[in-house]
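Heads up: the structure comes next, in structure tokens.
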Amino acid sequence: MIAADNQKNTMHSRATQLLDAAELEQLKSFLESNKLPFKDIKLNGNIFMLYRNNTGDIVGSAGLEIYSEFGLIRSVAVRESERGHGHGKQIVHDILLWAKQRELASVYLLTENARDFFKKNGFQDFSPD
């Protein structure tokens, strides 16, 4: 991984860490509506966030699964009507801060349709060969 740009973007929403089963169901529903995997999400030992606008509607999400000294970024999504305003960049910035605060050695992600977005935000292709 290459460090992402740390330029702070103003996001007119607030992020809250998921704490209970009701919020987990909201996250799963949001991910399903964004055509992202959701059935295997577990809160225990991992960090998942919901980003809400001023009216409380979910506009974004992110997750960091922790495996010893490594992190797996997942569940990065921005509501379609909110895309193109820098929210995704802000979410990635937040994820990398969470990983840094937990002193993770490396952070990885798997993506099928957002490769270009993550490359623009400082990530590089990696082959486990």
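Note on naming: chains are A, B, ... as they come in the structure tokens, residues start from 1 per chain, ligands start from 1 in the order shown.
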Within 10 Å of range 37-48 of chain A, which residues of range 73-94 of chain A come that close, and what is the closest atom pair and distance in Å for each? Count only C-alpha atoms and give it as a tab-separated table.
residue	atom	partner	partner_atom	distance
A:Ile73	CA	A:Ile47	CA	9.7
A:Arg74	CA	A:Phe48	CA	8.9
A:Ser75	CA	A:Pro37	CA	7.4
A:Val76	CA	A:Phe48	CA	9.6
With N, CA and C atoms retained, write the just-selected residues as a PDB file, in the first residue's frame.
ATOM      1  N   ILE A  73      -9.640  -3.355   4.359  1.00  0.00           N
ATOM      2  CA  ILE A  73     -10.653  -2.333   4.127  1.00  0.00           C
ATOM      3  C   ILE A  73     -11.790  -2.974   3.347  1.00  0.00           C
ATOM      4  N   ARG A  74     -13.008  -2.689   3.786  1.00  0.00           N
ATOM      5  CA  ARG A  74     -14.159  -3.216   3.068  1.00  0.00           C
ATOM      6  C   ARG A  74     -15.355  -2.303   3.295  1.00  0.00           C
ATOM      7  N   SER A  75     -16.392  -2.561   2.541  1.00  0.00           N
ATOM      8  CA  SER A  75     -17.681  -1.886   2.731  1.00  0.00           C
ATOM      9  C   SER A  75     -17.605  -0.378   2.536  1.00  0.00           C
ATOM     10  N   VAL A  76     -16.691   0.076   1.674  1.00  0.00           N
ATOM     11  CA  VAL A  76     -16.612   1.498   1.355  1.00  0.00           C
ATOM     12  C   VAL A  76     -17.685   1.784   0.307  1.00  0.00           C
TER      13      VAL A  76
END
Quiz item: Which neighbours of range 107-116 of chain A fall inside 6 Å, counting only C-alpha atoms, when residues of the same chain fewer than 4 positions from it are skipped, and could you give them as a ChimeraX atom specification?
Solution: /A:70-73
Exercise. Please provide as JSON, numbers by chain all residues within 7 Å of Leu18 in chain A, with the sequence filter that same-chain residues fewer than 4 positions apart are discarded (counting only C-alpha atoms).
Key: {"A": [23, 24, 48, 49]}
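Of the listed residues A:Glu25, A:Glu82, A:Glu103, A:Glu32, the one whose atoms come nearest to Glu69 in chain A is A:Glu103, with distances taken using only C-alpha atoms.
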Exercise. List every residue of chain A that DSSP, applied to the backbone of this structure, places in helix (DSSP H, G or I), and write the result as number ranges by chain.
Key: A: 21-33, 80-82, 87-101, 115-120
File of the preceding selection, C-alpha atoms, as a CSV table (one decimal), in the first residue's frame:
chain,number,residue,atom,x,y,z
A,21,ALA,CA,-27.4,-5.0,16.0
A,22,ALA,CA,-29.8,-2.4,14.8
A,23,GLU,CA,-27.0,-0.3,13.3
A,24,LEU,CA,-25.5,-3.5,11.8
A,25,GLU,CA,-28.8,-4.2,10.0
A,26,GLN,CA,-28.8,-0.6,8.6
A,27,LEU,CA,-25.2,-1.1,7.3
A,28,LYS,CA,-26.2,-4.4,5.7
A,29,SER,CA,-29.2,-2.8,4.0
A,30,PHE,CA,-27.1,0.1,2.8
A,31,LEU,CA,-24.4,-2.2,1.4
A,32,GLU,CA,-27.0,-4.4,-0.3
A,33,SER,CA,-28.5,-1.3,-2.0
A,80,GLU,CA,-25.2,7.3,-5.5
A,81,SER,CA,-26.7,10.8,-5.3
A,82,GLU,CA,-23.8,11.9,-3.1
A,87,HIS,CA,-17.0,11.8,0.2
A,88,GLY,CA,-15.3,8.6,-0.9
A,89,LYS,CA,-11.9,10.2,-0.5
A,90,GLN,CA,-12.8,11.4,3.0
A,91,ILE,CA,-13.9,7.9,3.9
A,92,VAL,CA,-10.6,6.4,2.7
A,93,HIS,CA,-8.7,9.1,4.6
A,94,ASP,CA,-10.7,8.1,7.8
A,95,ILE,CA,-10.0,4.4,7.3
A,96,LEU,CA,-6.3,5.0,6.9
A,97,LEU,CA,-6.3,7.1,10.1
A,98,TRP,CA,-8.1,4.2,12.0
A,99,ALA,CA,-5.4,1.8,10.7
A,100,LYS,CA,-2.6,4.1,11.7
A,101,GLN,CA,-4.1,4.6,15.2
A,115,ARG,CA,-9.9,-0.2,-8.7
A,116,ASP,CA,-9.3,3.2,-10.3
A,117,PHE,CA,-10.8,5.1,-7.4
A,118,PHE,CA,-8.5,3.4,-4.9
A,119,LYS,CA,-5.4,3.8,-7.2
A,120,LYS,CA,-6.2,7.6,-7.4
Exercise. Run DSSP on the backbone and give me the residues of chain A it puts in strand (DSSP E or B), as an NGL selection string.
Key: :A and (14-17 or 47-52 or 58-67 or 70-78 or 106-109)
Quiz item: Hey, can you check how far CA of Val78 in chain A sits from CA of Arg102 in chain A?
Solution: 24.5 Å
